[in-house]
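Novice: Take this structure first; my questions come after.
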Amino acid sequence: MSFRKAFFVIMTVIVASLVAIAAMDFWVTFQAKDRIYNTVDNTPSRHIGLVLGTSKYIGRTLNPYYTYRIEAAQQLYLNNKVDVMLLSGDNAHRSYNEPWTMKRDMLKAGISDDRIFLDYAGFRTLDSIIRAKKVFDADEFTLVTQAFHCERALFIADYYDIDAICLAVPSPGGTAGMKIRARETLARVKAVLDIYVLNEQPKFLGPKESISTEKLSDN
């Protein structure tokens with residue numbers, strides 16, 4: 001094969017790959033249309049609020065991604081937009097426990113212990129969404145996370161016939177935000193492959209911990 005032909009083949013593969021990545025990114029964004037809300041007031045009421053975990057600190061600095069999610073989740077509950085909270089995150093080892101960290105902050109905000117459920121095996125978004133349905137019997141819920149993350153989470157929920165909406169909280173801007181968005185594009189490609197090609201499932205399922213669908217008394 002001549003150099004010119006080889007170069008043409010390589011460029012064709014690169015362009016096709018970029019188009020495919022862009023198409024998947026757009027697909028994930030488009031399917032979430034009309035299911036993402038930007039304020040607590042305009043978010044429809046749901047029985048369950050599912051908060052997707054992240055670390056509270058980056059080094060010794062508060063992680064704004066965490067802070068925005070927790071504050072929004074607290075306001076959803078305090079404004080009677082959800083009855084119970086399902087806190088899903090990584091519990092990789094004894095000194096790193098995202099669900100318990102979130103629970104402590106919920107309790108500080110005055111949310112009753114019996115309104116809080118913990119998912120210790122939400123190692124990634126796919127695990128959190130599927131476990132919400134298969135372990136906690138949550139067929140509908142309000143997600144709480146950043147907008148770009150909302151779209152991917154809703155994409156996964158839609159595939160598993162979950163009636164989900166999302167309260168999108170602010171995302172830090174600047175260079176950090178751009179880097180996160182670039183990683184999110186690749187995460188979306190992986191999500192598409194995980195669902196439609198690899199049939200990826202949560203690392204752990206375990207016994208049922210059903211959240212009652214009966215509406216609780218006023219907060």
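Lettering and numbering for the structure tokens are positional, with chains as A, B, ... in the shown order, residues counted from 1 in each chain, and ligands counted from 1 in the shown order.
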Give me the residues near Gln74 of chain A as number ranges by chain, where near means some atom within 8 Å (using only C-alpha atoms) and where sequence neighbours in that chain fewer than 3 positions away do not count.
Specialist: A: 70-71, 77-78, 106, 109, 111
Novice: For the residues selected in the previous step, produce a file with N, CA and C atoms as a PDB file, in the first residue's frame.
Specialist:
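See part_15.pdb below for the written result:
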```pdb
ATOM      1  N   ILE A  70     -25.679  18.035  47.065  1.00  0.00           N
ATOM      2  CA  ILE A  70     -26.254  17.869  48.395  1.00  0.00           C
ATOM      3  C   ILE A  70     -27.212  19.004  48.726  1.00  0.00           C
ATOM      4  N   GLU A  71     -26.824  20.224  48.426  1.00  0.00           N
ATOM      5  CA  GLU A  71     -27.704  21.363  48.722  1.00  0.00           C
ATOM      6  C   GLU A  71     -29.005  21.271  47.933  1.00  0.00           C
ATOM      7  N   TYR A  77     -36.142  17.899  49.219  1.00  0.00           N
ATOM      8  CA  TYR A  77     -36.867  17.288  50.338  1.00  0.00           C
ATOM      9  C   TYR A  77     -37.597  18.340  51.163  1.00  0.00           C
ATOM     10  N   LEU A  78     -36.911  19.397  51.519  1.00  0.00           N
ATOM     11  CA  LEU A  78     -37.500  20.413  52.390  1.00  0.00           C
ATOM     12  C   LEU A  78     -38.656  21.152  51.723  1.00  0.00           C
ATOM     13  N   MET A 106     -27.238  15.143  55.120  1.00  0.00           N
ATOM     14  CA  MET A 106     -28.703  15.170  55.089  1.00  0.00           C
ATOM     15  C   MET A 106     -29.274  15.273  56.506  1.00  0.00           C
ATOM     16  N   ALA A 109     -29.149  18.664  57.891  1.00  0.00           N
ATOM     17  CA  ALA A 109     -30.150  19.562  57.316  1.00  0.00           C
ATOM     18  C   ALA A 109     -31.543  19.304  57.880  1.00  0.00           C
ATOM     19  N   ILE A 111     -33.183  16.272  57.856  1.00  0.00           N
ATOM     20  CA  ILE A 111     -33.923  15.197  57.194  1.00  0.00           C
ATOM     21  C   ILE A 111     -33.891  13.969  58.088  1.00  0.00           C
TER      22      ILE A 111
END
```
Novice: Can you write out as CSV which residues of segment 38-102 of chain A fall within 9 Å of segment 136-142 of chain A, alongside each residue's closest atom pair and its distance in Å to one decimal, counting only C-alpha atoms and ordering rows by chain and ascending residue number?
Specialist:
```
residue,atom,partner,partner_atom,distance
A:Thr43,CA,A:Thr142,CA,8.6
A:Pro44,CA,A:Thr142,CA,8.5
A:Ser45,CA,A:Thr142,CA,8.1
A:Arg46,CA,A:Phe141,CA,5.9
A:His47,CA,A:Phe141,CA,6.6
A:Ile48,CA,A:Phe141,CA,4.9
A:Gly49,CA,A:Thr142,CA,4.7
A:Leu50,CA,A:Thr142,CA,5.9
A:Val51,CA,A:Thr142,CA,8.3
A:Val82,CA,A:Thr142,CA,7.9
A:Leu86,CA,A:Phe136,CA,8.9
```
Novice: So, with only C-alpha atoms as the atoms that count, which of A:Leu52, A:Val169, A:Ala23, A:Ala187 lies closest to Pro64 of chain A?
Specialist: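 Comparing A:Leu52, A:Val169, A:Ala23, A:Ala187 against Pro64 of chain A, the winner is A:Val169.
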Novice: Could you pull out the residues in segment 41-167 of chain A that DSSP calls helix (DSSP H, G or I) from the backbone, as a VMD selection string?
Specialist: chain A and resid 64 to 78 98 to 108 113 to 115 125 to 134 147 to 159
Novice: Using atom CA of Ala72 of chain A and atom CA of Ala168 of chain A as the two end points, give the distance in Å to one decimal.
Specialist: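 Between atom CA of Ala72 of chain A and atom CA of Ala168 of chain A the gap is 8.8 Å.
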Novice: What is the atom CA of Lys56 of chain A-atom CA of Asp194 of chain A distance in Å, reported with one decimal?
Specialist: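 Result for atom CA of Lys56 of chain A versus atom CA of Asp194 of chain A: 27.5 Å, one decimal.
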Novice: For Leu87 of chain A, which of A:Leu118, A:Leu62, A:Val9, A:Ile211 is the closest residue, counting only C-alpha atoms?
Specialist: A:Leu118
Novice: Report as a PyMOL selection string: the residues of segment 69-127 of chain A with a DSSP assignment of strand (DSSP E or B), based on the backbone of this structure.
Specialist: chain A and resi 84-88+90+93+96+116-119+121
Novice: Please produce an output containing N, CA, C and O atoms for each residue in the selection, written as a CSV table (one decimal), in the first residue's frame.
Specialist:
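What ended up in part_19.csv:
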```csv
chain,number,residue,atom,x,y,z
A,84,VAL,N,-38.5,10.6,50.0
A,84,VAL,CA,-37.4,9.9,50.6
A,84,VAL,C,-36.2,10.2,49.7
A,84,VAL,O,-36.3,10.5,48.5
A,85,MET,N,-35.0,10.0,50.3
A,85,MET,CA,-33.7,10.1,49.5
A,85,MET,C,-33.0,8.8,49.4
A,85,MET,O,-32.8,8.1,50.4
A,86,LEU,N,-32.6,8.4,48.2
A,86,LEU,CA,-31.7,7.3,48.0
A,86,LEU,C,-30.3,7.8,47.6
A,86,LEU,O,-30.2,8.5,46.6
A,87,LEU,N,-29.4,7.6,48.5
A,87,LEU,CA,-28.0,8.2,48.3
A,87,LEU,C,-27.1,7.0,47.8
A,87,LEU,O,-26.8,6.1,48.5
A,88,SER,N,-26.6,7.2,46.6
A,88,SER,CA,-25.9,6.1,45.9
A,88,SER,C,-24.5,6.5,45.6
A,88,SER,O,-24.2,7.6,45.0
A,90,ASP,N,-19.9,5.3,46.1
A,90,ASP,CA,-18.8,4.3,46.3
A,90,ASP,C,-18.5,4.2,47.7
A,90,ASP,O,-18.4,5.1,48.5
A,93,HIS,N,-13.7,1.6,50.6
A,93,HIS,CA,-13.0,1.1,51.8
A,93,HIS,C,-13.5,1.9,53.0
A,93,HIS,O,-14.3,2.8,52.9
A,96,TYR,N,-13.4,5.7,53.0
A,96,TYR,CA,-14.0,6.4,51.9
A,96,TYR,C,-15.4,5.8,51.7
A,96,TYR,O,-15.6,4.7,51.2
A,116,ILE,N,-34.1,8.3,54.7
A,116,ILE,CA,-32.8,8.2,54.0
A,116,ILE,C,-32.5,6.7,53.7
A,116,ILE,O,-32.4,5.9,54.7
A,117,PHE,N,-32.2,6.4,52.5
A,117,PHE,CA,-31.8,5.0,52.1
A,117,PHE,C,-30.4,5.1,51.5
A,117,PHE,O,-30.1,6.0,50.7
A,118,LEU,N,-29.5,4.1,51.8
A,118,LEU,CA,-28.2,4.1,51.3
A,118,LEU,C,-27.9,3.0,50.3
A,118,LEU,O,-28.2,1.8,50.6
A,119,ASP,N,-27.3,3.3,49.2
A,119,ASP,CA,-26.8,2.3,48.3
A,119,ASP,C,-25.3,2.4,48.3
A,119,ASP,O,-24.7,3.3,47.7
A,121,ALA,N,-23.2,0.4,46.9
A,121,ALA,CA,-22.5,-0.2,45.7
A,121,ALA,C,-22.8,0.6,44.4
A,121,ALA,O,-22.8,0.0,43.4
```
Novice: Nearest to Asp83 of chain A: which of A:Ser112, A:Ala6, A:Arg69, A:Ser95 is it, counting only C-alpha atoms?
Specialist: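 Closest to Asp83 of chain A of all the choices is A:Ser112.
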Novice: Skip Ser171 of chain A itself and residues of its chain fewer than 6 positions away, then list as an MDAnalysis selection string all residues within 8 Å of it, counting only C-alpha atoms.
Specialist: chainID A and resid 64:65 146:147 177
Novice: How would the residues just picked look written out with C-alpha atoms as a PDB file, in the first residue's frame?
Specialist:
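In the end it all went to again-v5.pdb:
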```
ATOM      1  CA  PRO A  64     -18.249  21.923  44.389  1.00  0.00           C
ATOM      2  CA  TYR A  65     -19.818  19.039  42.461  1.00  0.00           C
ATOM      3  CA  GLN A 146     -24.858  18.119  37.130  1.00  0.00           C
ATOM      4  CA  ALA A 147     -26.610  18.661  33.772  1.00  0.00           C
ATOM      5  CA  GLY A 177     -15.280  22.261  33.581  1.00  0.00           C
TER       6      GLY A 177
END
```
Novice: Mind giving me the straight-line distance from atom CA of Ser212 of chain A to atom CA of Thr39 of chain A in Å, one decimal?
Specialist: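 So the answer is 26.4 Å.
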